[in-house]
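K.L.:
You'll find final-v3.tsv just under this line, and it carries TSV, C-alpha atoms.
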chain	number	residue	atom	x	y	z
A	1	MET	CA	98.98	92.87	121.45
A	2	ASP	CA	95.20	92.69	121.70
A	3	CYS	CA	93.72	96.08	120.83
A	4	LYS	CA	90.02	96.67	121.47
A	5	LEU	CA	87.65	99.39	120.39
A	6	SER	CA	83.90	99.50	120.97
A	7	ILE	CA	81.60	102.36	119.95
A	8	THR	CA	77.85	102.72	120.40
A	9	ALA	CA	76.05	105.56	118.63
A	10	GLY	CA	72.59	106.51	119.83
A	11	ALA	CA	69.90	108.96	118.74
A	12	ARG	CA	67.85	111.36	120.82
A	13	ASP	CA	65.55	114.18	119.71
A	14	GLY	CA	66.66	113.80	116.10
A	15	LYS	CA	70.37	114.01	116.88
A	16	SER	CA	72.97	111.24	116.98
A	17	TYR	CA	75.67	111.09	119.60
A	18	MET	CA	78.42	108.87	121.01
A	19	LYS	CA	76.44	106.94	123.58
A	20	ASP	CA	79.21	104.65	124.80
A	21	VAL	CA	82.85	103.99	123.98
A	22	PHE	CA	85.52	101.62	125.23
A	23	VAL	CA	89.11	101.60	123.99
A	24	SER	CA	92.37	99.98	124.94
A	25	ALA	CA	95.83	101.05	123.83
A	26	PRO	CA	96.63	102.36	121.27
A	27	PHE	CA	93.14	103.63	120.39
A	28	ARG	CA	91.44	106.92	121.10
A	29	VAL	CA	88.07	108.20	119.82
A	30	VAL	CA	87.50	111.91	119.25
A	31	PRO	CA	84.31	113.72	118.13
A	32	VAL	CA	85.03	115.77	114.98
A	33	GLY	CA	81.59	116.94	113.91
A	34	GLN	CA	81.32	120.09	115.99
A	35	THR	CA	80.78	122.24	112.88
A	36	LYS	CA	78.19	119.90	111.35
A	37	SER	CA	74.50	120.73	111.59
A	38	ASP	CA	72.91	117.61	110.10
A	39	GLY	CA	72.37	115.82	113.43
A	40	ALA	CA	74.73	112.92	112.65
A	41	ALA	CA	77.63	111.77	114.82
A	42	TYR	CA	81.13	112.20	113.40
A	43	LEU	CA	83.94	110.36	115.19
A	44	MET	CA	87.62	109.93	114.42
A	45	VAL	CA	89.54	106.84	115.50
A	46	MET	CA	93.08	107.82	116.49
A	47	SER	CA	96.05	105.66	117.41
A	48	SER	CA	99.27	106.25	119.33
A	49	SER	CA	100.90	103.38	117.43
A	50	PRO	CA	102.80	104.05	114.18
A	51	GLY	CA	100.89	101.16	112.60
A	52	ILE	CA	99.91	97.52	112.98
A	53	LEU	CA	102.78	95.44	114.39
A	54	ASP	CA	103.65	91.76	114.31
A	55	GLY	CA	101.30	89.78	116.55
A	56	ASP	CA	98.70	92.55	116.85
A	57	HIS	CA	95.02	91.64	116.86
A	58	TYR	CA	92.50	94.44	116.43
A	59	ASP	CA	88.98	93.82	117.74
A	60	LEU	CA	86.56	96.54	116.60
A	61	ASN	CA	82.88	96.65	117.49
A	62	ILE	CA	80.50	99.30	116.14
A	63	GLN	CA	76.87	99.53	117.26
A	64	VAL	CA	74.51	102.06	115.66
A	65	GLU	CA	71.17	102.20	117.40
A	66	GLN	CA	67.77	102.83	115.86
A	67	ASN	CA	67.61	105.99	113.69
A	68	ALA	CA	71.18	106.98	114.61
A	69	ARG	CA	73.66	108.08	111.93
A	70	LEU	CA	77.39	107.59	112.43
A	71	GLN	CA	80.25	108.56	110.15
A	72	LEU	CA	83.59	107.14	111.27
A	73	GLN	CA	86.90	108.65	110.14
A	74	SER	CA	90.50	107.49	110.31
A	75	GLN	CA	93.49	109.52	111.45
A	76	SER	CA	96.05	108.68	108.75
A	77	TYR	CA	97.41	105.98	106.47
A	78	GLN	CA	97.43	102.55	108.13
A	79	ARG	CA	100.89	100.96	108.00
A	80	LEU	CA	101.46	97.21	108.26
A	81	PHE	CA	105.00	96.67	109.48
A	82	ASN	CA	107.48	93.87	108.79
A	83	MET	CA	106.18	90.68	110.40
A	84	GLU	CA	107.02	87.06	111.15
A	85	ARG	CA	103.76	85.77	112.63
A	86	GLY	CA	101.34	88.24	111.06
A	87	ALA	CA	98.53	90.43	112.38
A	88	SER	CA	94.75	90.24	112.21
A	89	GLN	CA	91.60	92.31	112.61
A	90	LEU	CA	87.97	91.50	113.35
A	91	MET	CA	85.45	94.28	112.82
A	92	GLN	CA	81.77	93.83	113.67
A	93	VAL	CA	79.20	96.43	112.63
A	94	ASN	CA	75.59	96.19	113.79
A	95	LEU	CA	72.92	98.60	112.54
A	96	ALA	CA	69.47	98.72	114.09
A	97	ASP	CA	66.39	99.70	112.06
A	98	GLY	CA	66.72	103.10	110.41
A	99	ALA	CA	70.44	103.44	111.20
A	100	ALA	CA	73.18	104.69	108.88
A	101	PHE	CA	76.93	104.04	109.00
A	102	SER	CA	79.73	105.25	106.75
A	103	TYR	CA	83.48	104.63	106.94
A	104	VAL	CA	86.03	105.71	104.33
A	105	PRO	CA	89.45	105.11	105.94
A	106	HIS	CA	92.84	106.23	104.66
A	107	PRO	CA	94.77	103.77	102.44
A	108	VAL	CA	96.63	100.76	103.85
A	109	VAL	CA	100.41	100.61	103.30
A	110	PRO	CA	101.75	97.04	103.68
A	111	HIS	CA	105.51	97.01	104.34
A	112	GLU	CA	107.87	94.28	103.19
A	113	ASN	CA	107.07	90.82	104.62
A	114	SER	CA	103.86	91.99	106.28
A	115	THR	CA	100.97	89.55	106.74
A	116	PHE	CA	97.51	90.84	107.53
A	117	LYS	CA	94.12	89.13	107.62
A	118	SER	CA	90.94	91.10	108.24
A	119	VAL	CA	87.33	89.99	108.62
A	120	THR	CA	84.43	92.46	108.67
A	121	LYS	CA	80.96	91.23	109.63
A	122	VAL	CA	78.04	93.57	109.08
A	123	ALA	CA	74.47	93.02	110.36
A	124	LEU	CA	71.76	95.31	109.01
A	125	GLY	CA	68.24	95.93	110.22
A	126	ASP	CA	65.46	97.38	108.04
A	127	ALA	CA	65.74	100.80	106.38
A	128	CYS	CA	69.51	100.95	106.99
A	129	GLU	CA	72.35	102.47	104.98
A	130	PHE	CA	75.88	101.05	105.03
A	131	LEU	CA	78.96	102.36	103.24
A	132	MET	CA	82.55	101.20	103.67
A	133	SER	CA	85.68	101.40	101.57
A	134	GLU	CA	89.24	100.13	101.50
A	135	ILE	CA	92.32	101.19	99.54
A	136	ILE	CA	95.37	98.93	99.36
A	137	THR	CA	98.65	100.40	98.16
A	138	CYS	CA	101.55	98.44	96.70
A	139	GLY	CA	103.68	99.24	99.75
A	140	ARG	CA	106.38	101.85	100.22
A	141	LYS	CA	106.91	102.55	96.52
A	142	TYR	CA	109.75	105.02	97.02
A	143	HIS	CA	111.59	102.59	99.31
A	144	GLY	CA	111.64	99.95	96.59
A	145	GLU	CA	108.95	97.85	98.30
A	146	VAL	CA	106.49	97.44	95.45
A	147	PHE	CA	104.47	94.29	96.21
A	148	LYS	CA	107.02	93.07	98.73
A	149	TYR	CA	104.41	92.21	101.37
A	150	SER	CA	103.63	88.55	102.01
A	151	HIS	CA	99.89	88.30	102.52
A	152	PHE	CA	96.92	90.66	102.54
A	153	GLN	CA	93.33	89.56	102.92
A	154	ASN	CA	90.09	91.34	103.72
A	155	LEU	CA	86.80	89.46	103.87
A	156	ILE	CA	83.54	91.40	104.19
A	157	GLU	CA	80.19	89.77	104.86
A	158	VAL	CA	76.97	91.80	104.93
A	159	ARG	CA	73.77	90.29	106.31
A	160	HIS	CA	70.22	91.63	106.43
A	161	ARG	CA	68.07	90.02	109.08
A	162	GLN	CA	70.70	87.27	109.37
A	163	LYS	CA	70.57	86.50	105.63
A	164	LEU	CA	73.83	86.89	103.70
A	165	ILE	CA	73.33	89.49	100.94
A	166	LEU	CA	76.93	90.40	100.05
A	167	LYS	CA	80.33	88.76	100.41
A	168	ASP	CA	83.55	90.30	99.13
A	169	ASN	CA	86.96	88.69	99.58
A	170	VAL	CA	90.16	90.49	98.58
A	171	LEU	CA	93.19	88.20	98.73
A	172	LEU	CA	96.62	89.35	97.54
A	173	LEU	CA	99.66	87.06	97.64
A	174	PRO	CA	102.46	88.74	95.68
A	175	GLU	CA	104.78	85.72	95.81
A	176	LEU	CA	102.13	83.47	94.27
A	177	MET	CA	100.18	85.95	92.14
A	178	PRO	CA	101.67	87.97	89.25
A	179	LEU	CA	99.86	91.11	90.43
A	180	ALA	CA	101.04	93.20	87.47
A	181	ALA	CA	99.64	90.67	84.97
A	182	ILE	CA	96.47	90.78	82.87
A	183	GLY	CA	93.46	89.78	84.92
A	184	LEU	CA	94.93	91.14	88.15
A	185	LEU	CA	96.21	94.71	88.66
A	186	GLU	CA	97.48	95.01	85.06
A	187	GLY	CA	100.28	97.46	85.79
A	188	PHE	CA	98.44	99.48	88.42
A	189	THR	CA	99.80	99.69	91.95
A	190	HIS	CA	96.75	100.62	94.05
A	191	GLN	CA	93.39	98.93	94.43
A	192	GLY	CA	90.28	100.41	95.99
A	193	THR	CA	86.89	98.94	96.86
A	194	LEU	CA	83.79	100.85	97.97
A	195	ILE	CA	80.65	99.01	99.08
A	196	TYR	CA	77.22	100.57	99.54
A	197	VAL	CA	74.06	98.78	100.66
A	198	ASN	CA	70.68	100.06	101.78
A	199	THR	CA	67.78	97.99	103.11
A	200	GLY	CA	65.16	100.70	102.72
A	201	ASN	CA	64.06	99.89	99.15
A	202	GLN	CA	65.91	102.92	97.78
A	203	PRO	CA	66.83	102.29	94.10
A	204	VAL	CA	70.48	102.97	93.28
A	205	ASP	CA	70.39	103.19	89.46
A	206	GLU	CA	70.60	107.00	89.34
A	207	LEU	CA	73.27	106.98	92.04
A	208	ILE	CA	75.36	104.50	90.06
A	209	GLU	CA	75.08	106.67	86.93
A	210	CYS	CA	76.13	109.74	88.91
A	211	ILE	CA	79.18	107.95	90.33
A	212	TYR	CA	80.07	106.60	86.90
A	213	GLU	CA	80.13	110.13	85.49
A	214	MET	CA	82.14	111.33	88.48
A	215	MET	CA	84.78	108.63	88.04
A	216	GLN	CA	84.91	108.78	84.25
A	217	GLY	CA	86.97	111.96	84.25
A	218	GLU	CA	89.74	110.53	86.44
A	219	GLN	CA	93.16	110.27	84.83
A	220	GLU	CA	95.09	106.96	85.00
A	221	VAL	CA	92.29	105.19	86.87
A	222	GLN	CA	90.34	102.13	85.77
A	223	PHE	CA	87.09	101.31	87.53
A	224	GLY	CA	83.94	99.26	87.39
A	225	ILE	CA	80.63	99.41	89.24
A	226	SER	CA	78.57	96.28	89.91
A	227	LYS	CA	75.00	96.58	91.08
A	228	ILE	CA	74.16	93.91	93.62
A	229	ARG	CA	70.91	91.98	93.87
A	230	HIS	CA	69.73	94.12	96.76
A	231	ASP	CA	69.78	97.93	96.67
A	232	GLY	CA	73.49	98.63	96.55
A	233	PHE	CA	76.67	98.38	94.53
A	234	VAL	CA	80.37	97.55	94.66
A	235	LEU	CA	82.84	99.99	93.11
A	236	ARG	CA	86.29	98.63	92.29
A	237	CYS	CA	89.12	100.95	91.25
A	238	LEU	CA	92.71	100.57	90.06
A	239	GLY	CA	95.13	103.47	90.17
A	240	HIS	CA	98.66	104.67	90.86
A	241	GLY	CA	98.09	106.83	93.93
A	242	GLY	CA	96.36	106.29	97.25
A	243	GLU	CA	95.48	109.95	97.71
A	244	GLN	CA	93.65	110.11	94.39
A	245	LEU	CA	91.45	107.12	95.19
A	246	TYR	CA	90.90	108.30	98.77
A	247	ASP	CA	89.77	111.73	97.56
A	248	ARG	CA	87.27	110.19	95.12
A	249	PHE	CA	85.89	107.80	97.72
A	250	GLN	CA	85.36	110.75	100.06
A	251	ARG	CA	83.47	112.59	97.33
A	252	ILE	CA	81.23	109.56	96.82
A	253	GLN	CA	80.68	109.30	100.57
A	254	ASN	CA	79.71	112.96	100.74
A	255	LEU	CA	77.29	112.54	97.82
A	256	ILE	CA	75.51	109.57	99.43
A	257	TRP	CA	75.58	111.10	102.91
A	258	GLU	CA	74.02	114.34	101.67
A	259	GLU	CA	71.31	112.49	99.72
A	260	SER	CA	70.57	110.41	102.81
A	261	LYS	CA	70.23	113.57	104.89
A	262	VAL	CA	67.79	115.11	102.39
A	263	SER	CA	65.67	111.95	102.27
A	264	LEU	CA	65.36	112.02	106.07
A	265	ALA	CA	64.35	115.68	106.20
As a first step, turn the structure in this file into structure tokens.

P.N.:
Amino acid sequence: MDCKLSITAGARDGKSYMKDVFVSAPFRVVPVGQTKSDGAAYLMVMSSSPGILDGDHYDLNIQVEQNARLQLQSQSYQRLFNMERGASQLMQVNLADGAAFSYVPHPVVPHENSTFKSVTKVALGDACEFLMSEIITCGRKYHGEVFKYSHFQNLIEVRHRQKLILKDNVLLLPELMPLAAIGLLEGFTHQGTLIYVNTGNQPVDELIECIYEMMQGEQEVQFGISKIRHDGFVLRCLGHGGEQLYDRFQRIQNLIWEESKVSLA
């Protein structure tokens, strides 16, 4: 099934809002920022489907207009069900000058024999902020489905003024890769990636140090932070629980979002 979602966030009088939205089944978009007073738009993407099914193709399009700020939220864990043909997703994010976008979704749970390929293309204007994360679990651990999925891939490309500045490709093939071995997951069952980029010449060294200290106290988690050539970083984490990584990614999102709000004041 082809599933489409398109969101445009605009800004007016210093406040961001959902300017336009189009969804097809099973999607629904709900504003969730009624208690927020920072002028940003907070939207939750909901779904009537229990998860991504065999043959599904998700087409997501996010437009954030000039000076608008959008934080997107997910409803729950994303399940990838047993498949024969596989499923795919294309997500396109376009930020105009001065825009900000943040998305920290719940972890992905690939069931046995699932195949999923995702491509995310991000286009940034000047003075933009972009944050996105992903957490991949080993599958339904308590159903005996540890690394029983067939194929998982997520490719992210970030461009600034049409120039490629970041490319990250996560490819997991349990039948071909000894995921528990040294050099791969090394006994861990969950992998998380958080990407942050800004095109406003805002140095990230102090932010990286702050996140390092925040993550250092985590039990049974290994992590590393790589500063990219432009102002941004990639945080990679290994752990044993999706909720633990999700909670830490939310804390990092809140830290960056609050600092962004202060800098705009």

K.L.:
Please, which residues in region 222-265 of chain A fall within 6 Å of region 176-199 of chain A when counting only C-alpha atoms, and what is the closest atom pair and distance in Å to one decimal for each, ordered by chain then residue number, as JSON lines?

P.N.:
{"residue": "A:Asp231", "atom": "CA", "partner": "A:Asn198", "partner_atom": "CA", "distance": 5.6}
{"residue": "A:Gly232", "atom": "CA", "partner": "A:Val197", "partner_atom": "CA", "distance": 4.2}
{"residue": "A:Phe233", "atom": "CA", "partner": "A:Tyr196", "partner_atom": "CA", "distance": 5.5}
{"residue": "A:Val234", "atom": "CA", "partner": "A:Ile195", "partner_atom": "CA", "distance": 4.7}
{"residue": "A:Leu235", "atom": "CA", "partner": "A:Leu194", "partner_atom": "CA", "distance": 5.0}
{"residue": "A:Arg236", "atom": "CA", "partner": "A:Thr193", "partner_atom": "CA", "distance": 4.6}
{"residue": "A:Cys237", "atom": "CA", "partner": "A:Gly192", "partner_atom": "CA", "distance": 4.9}
{"residue": "A:Leu238", "atom": "CA", "partner": "A:Gln191", "partner_atom": "CA", "distance": 4.7}
{"residue": "A:Gly239", "atom": "CA", "partner": "A:His190", "partner_atom": "CA", "distance": 5.1}
{"residue": "A:His240", "atom": "CA", "partner": "A:Thr189", "partner_atom": "CA", "distance": 5.2}

K.L.:
Please produce an output containing C-alpha atoms for each residue in the selection, written as a short mmCIF file (atom, residue, chain, number, x, y, z; two decimals), keeping the file's coordinate frame.

P.N.:
data_model
loop_
_atom_site.label_atom_id
_atom_site.label_comp_id
_atom_site.auth_asym_id
_atom_site.auth_seq_id
_atom_site.Cartn_x
_atom_site.Cartn_y
_atom_site.Cartn_z
CA ASP A 231 69.78 97.93 96.67
CA GLY A 232 73.49 98.63 96.55
CA PHE A 233 76.67 98.38 94.53
CA VAL A 234 80.37 97.55 94.66
CA LEU A 235 82.84 99.99 93.11
CA ARG A 236 86.29 98.63 92.29
CA CYS A 237 89.12 100.95 91.25
CA LEU A 238 92.71 100.57 90.06
CA GLY A 239 95.13 103.47 90.17
CA HIS A 240 98.66 104.67 90.86
#

K.L.:
Rank A:Leu164, A:Val29, A:Met215, A:Met18 by their smallest atom-to-atom distance to Asp247 (chain A), using only C-alpha atoms, and report the top residue only.

P.N.:
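With only C-alpha atoms as the atom set, the closest residue is A:Met215.
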
K.L.:
If you count all atoms listed in the file, which residues fall within 12 Å of Ser260 (chain A), apart from same-chain ones fewer than 4 positions away, as a list in words?

P.N.:
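Counting all atoms listed in the file, the residues come to Asp38, Ala40, Arg69, Gly98, Ala99, Ala100, Phe101, Ser102, Ala127, Cys128, Glu129, Phe130, Leu131, Asn198, Gly200, Gln202, Leu207, Gln253, Asn254, Leu255, Ile256, Leu264 and Ala265 of chain A.
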
K.L.:
Mind pulling up the distance from CA of Leu171 (chain A) to CA of Tyr142 (chain A)?

P.N.:
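Those two atoms sit 23.7 Å apart.
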
K.L.:
Would you mind reading off the distance between CA of Ser49 (chain A) and CA of Phe147 (chain A), one decimal, in Å?

P.N.:
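Distance between the two atoms: 23.4 Å.
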
K.L.:
Would you be able to write out as an mmCIF file with C-alpha atoms, in the frame of the given file which residues have an atom within 12 Å of (83.9, 115.9, 94.4) in the file's coordinates, counting all atoms listed in the file?

P.N.:
data_model
loop_
_atom_site.group_PDB
_atom_site.id
_atom_site.type_symbol
_atom_site.label_atom_id
_atom_site.label_comp_id
_atom_site.auth_asym_id
_atom_site.auth_seq_id
_atom_site.Cartn_x
_atom_site.Cartn_y
_atom_site.Cartn_z
ATOM 1 C CA CYS A 210 76.130 109.740 88.910
ATOM 2 C CA ILE A 211 79.180 107.950 90.330
ATOM 3 C CA GLU A 213 80.130 110.130 85.490
ATOM 4 C CA MET A 214 82.140 111.330 88.480
ATOM 5 C CA MET A 215 84.780 108.630 88.040
ATOM 6 C CA GLY A 217 86.970 111.960 84.250
ATOM 7 C CA GLU A 218 89.740 110.530 86.440
ATOM 8 C CA GLN A 244 93.650 110.110 94.390
ATOM 9 C CA LEU A 245 91.450 107.120 95.190
ATOM 10 C CA TYR A 246 90.900 108.300 98.770
ATOM 11 C CA ASP A 247 89.770 111.730 97.560
ATOM 12 C CA ARG A 248 87.270 110.190 95.120
ATOM 13 C CA PHE A 249 85.890 107.800 97.720
ATOM 14 C CA GLN A 250 85.360 110.750 100.060
ATOM 15 C CA ARG A 251 83.470 112.590 97.330
ATOM 16 C CA ILE A 252 81.230 109.560 96.820
ATOM 17 C CA GLN A 253 80.680 109.300 100.570
ATOM 18 C CA ASN A 254 79.710 112.960 100.740
ATOM 19 C CA LEU A 255 77.290 112.540 97.820
ATOM 20 C CA ILE A 256 75.510 109.570 99.430
#

K.L.:
I'd like the interatomic distance between CA of Leu80 (chain A) and CA of Glu243 (chain A), to a tenth of an Å.

P.N.:
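Computing the Euclidean distance for CA of Leu80 (chain A) and CA of Glu243 (chain A) yields 17.6 Å.
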
K.L.:
Between A:Ile62, A:Val45, A:Ala96, A:Ile52, which is the closest to Ala11 (chain A) once you count only C-alpha atoms?

P.N.:
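Of all the options, A:Ala96 lies closest to Ala11 (chain A).
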
K.L.:
Draw an axis-aligned box tight on the listed atoms of region 126-138 of chain A, then pad every side by 6 Å and write out centre and edge lengths in Å to one decimal as AutoDock Vina command-line options.

P.N.:
--center_x 83.5 --center_y 99.9 --center_z 102.4 --size_x 48.1 --size_y 17.1 --size_z 23.3

K.L.:
What lies within 7 Å of Met44 (chain A) using only C-alpha atoms, ignoring chain neighbours under 5 positions off, as a ChimeraX atom specification?

P.N.:
/A:29-32,72-75

K.L.:
What residues have an atom no more than 12 Å from (77.4, 106.1, 123.8) in the file's own frame, counting all atoms listed in the file, and can you write them as a list of chain:residue names?

P.N.:
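Residues satisfying the cut-off, written out: A:Ser6, A:Ile7, A:Thr8, A:Ala9, A:Gly10, A:Ala11, A:Arg12, A:Ser16, A:Tyr17, A:Met18, A:Lys19, A:Asp20, A:Val21, A:Phe22, A:Val29, A:Pro31, A:Ala41, A:Leu43, A:Ile62, A:Gln63, A:Val64, A:Glu65, A:Ala68, A:Leu70.
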
K.L.:
With distances taken over all atoms listed in the file, which residue among A:Gln153, A:Gln216, A:Asn61, A:Ser133 lies nearest Leu172 (chain A)?

P.N.:
A:Gln153

K.L.:
Determine the nearest neighbour of His106 (chain A) from the options A:Asn94, A:Gln78, A:Thr35, A:Gln89, counting only C-alpha atoms.

P.N.:
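Closest to His106 (chain A), using only C-alpha atoms: A:Gln78.
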
K.L.:
Which is closest to Ser150 (chain A) among A:Tyr103, A:Tyr42, A:Phe81, A:Tyr212, if we use all atoms listed in the file?

P.N.:
A:Phe81

K.L.:
Using all atoms listed in the file, determine which residues lie at most 8 Å from Val122 (chain A), disregarding the query and same-chain residues fewer than 3 positions distant; provide the list as an MDAnalysis selection string.

P.N.:
chainID A and resid 92:95 156:159
